[in-house]
Amino acid sequence: MLRQIPPQPPYFRAKVLRRLNQLGALPIKNSAYVVPASDETLEDMQWLRQEIEKDGGEAWLFRTEVVAGLSDDAIREAFRAMRAPDFKRVAEAARALLARLRKGRDTEKDDEAEWRKLNQRFVEIRKIDFFEAPGHRETEAIMESIDQILHS
């Protein structure tokens with residue numbers, strides 16, 4: 001996607017950037033973003049393009065084989081690198097919750113609520129983890145351990 005956002009209102013640029021992040025788009029240049037080609041990503045980007053145009057901006061969608069001279073492997077690694085910190089943050093919080101649960105005390109409503117919140121974030125990240133970033137499997141294993149403790 002190439003996009004052009006008007007300078008006013010200022011929140012519009014932030015809204016578009018937040019949405020691109022939620023979709024897992026990889027920034028290539030100032031106003032150029034890439035996502036892997038799939039029916040789902042195409043639909044998401046078409047919705048975003050419509051939102052941008054509705055609010056006075058411009059956006060263009062392209063299919064391409066080569067991006068700025070980057071190889072497919074380099075692009076996959078860039079996507080993995082972009083998601084790895086997300087998994088790391090969830091894994092750290094999940095490890096802390098798992099340690100508390102393993103201490104053997106009765107689970108509390110707060111533990112369940114924390115697990116649900118962490119699980120929701122994990123699901124959101126997995127949805128935009130197009131190439132299995134580092135930390136994906138480790139985080140998944142920790143989340144499954146917590147699930148078993150809380151729900152068995």
# chains A, B, ... in the order shown; residues from 1 in each chain; ligands from 1
$ residues_around --residues "region 144-146 of chain A" --least-positions-apart "5" --cutoff "9 Å" --atoms "only C-alpha atoms" --output "list of chain:residue names"
A:Ala94, A:Arg95, A:Leu97, A:Leu98, A:Leu101, A:Trp115, A:Thr139, A:His151
$ closest_atom_pairs --of "region 16-119 of chain A" --to "region 4-8 of chain A" --cutoff "8 Å" --atoms "only C-alpha atoms" --output "CSV"
residue,atom,partner,partner_atom,distance
A:Ser31,CA,A:Gln4,CA,6.8
A:Ile52,CA,A:Ile5,CA,7.5
A:Gly56,CA,A:Pro6,CA,6.9
A:Gly57,CA,A:Ile5,CA,4.6
A:Glu58,CA,A:Gln4,CA,5.0
A:Ala59,CA,A:Gln4,CA,6.2
$ write_last_selection --atoms "N, CA and C atoms" --output "compact mmCIF listing (two decimals), in the first residue's frame"
# COMPACT_ATOMS: atom_id res chain seq x y z
N SER A 31 5.77 6.15 3.20
CA SER A 31 4.33 5.94 3.01
C SER A 31 4.02 4.64 2.31
N ILE A 52 -9.18 5.57 4.46
CA ILE A 52 -8.27 6.67 4.16
C ILE A 52 -8.92 7.63 3.17
N GLY A 56 -10.37 11.81 3.34
CA GLY A 56 -9.65 12.83 2.57
C GLY A 56 -8.24 12.48 2.15
N GLY A 57 -7.79 11.26 2.42
CA GLY A 57 -6.47 10.85 1.99
C GLY A 57 -6.53 10.07 0.70
N GLU A 58 -5.40 9.56 0.28
CA GLU A 58 -5.33 8.72 -0.91
C GLU A 58 -4.55 7.46 -0.56
N ALA A 59 -4.92 6.36 -1.18
CA ALA A 59 -4.23 5.10 -0.94
C ALA A 59 -4.31 4.24 -2.19
$ select_by_dssp --residues "region 39-102 of chain A" --states "helix (DSSP H, G or I)" --output "PyMOL selection string"
chain A and resi 39-54+72-102
$ residues_around --residues "Val35 (chain A)" --least-positions-apart "5" --cutoff "10 Å" --atoms "only C-alpha atoms" --output "list of chain:residue names"
A:Met1, A:Leu20, A:Leu23, A:Gly24, A:Ala25, A:Leu26, A:Pro27, A:Thr41, A:Leu42, A:Met45, A:Arg63, A:Ile75, A:Phe79, A:Ile128, A:Phe130
$ residues_around --residues "Ala93 (chain A)" --least-positions-apart "3" --cutoff "12 Å" --atoms "only C-alpha atoms" --output "ChimeraX atom specification"
/A:86-90,96-100,111,114-115,117-119,121-122,139,142-143,146
$ closest_residue --among "A:Glu77, A:Glu53, A:Glu92, A:Asp147" --to "Pro134 (chain A)" --atoms "only C-alpha atoms"
A:Glu77
$ atom_distance --atom1 "CA of Pro36 (chain A)" --atom2 "CA of Ala84 (chain A)"
17.2 Å
$ closest_residue --among "A:Gln46, A:Glu51, A:Arg19, A:Leu150" --to "Lys109 (chain A)" --atoms "only C-alpha atoms"
A:Leu150
$ closest_residue --among "A:Ala133, A:Gln50, A:Ala91, A:Phe12" --to "Arg76 (chain A)" --atoms "only C-alpha atoms"
A:Ala133
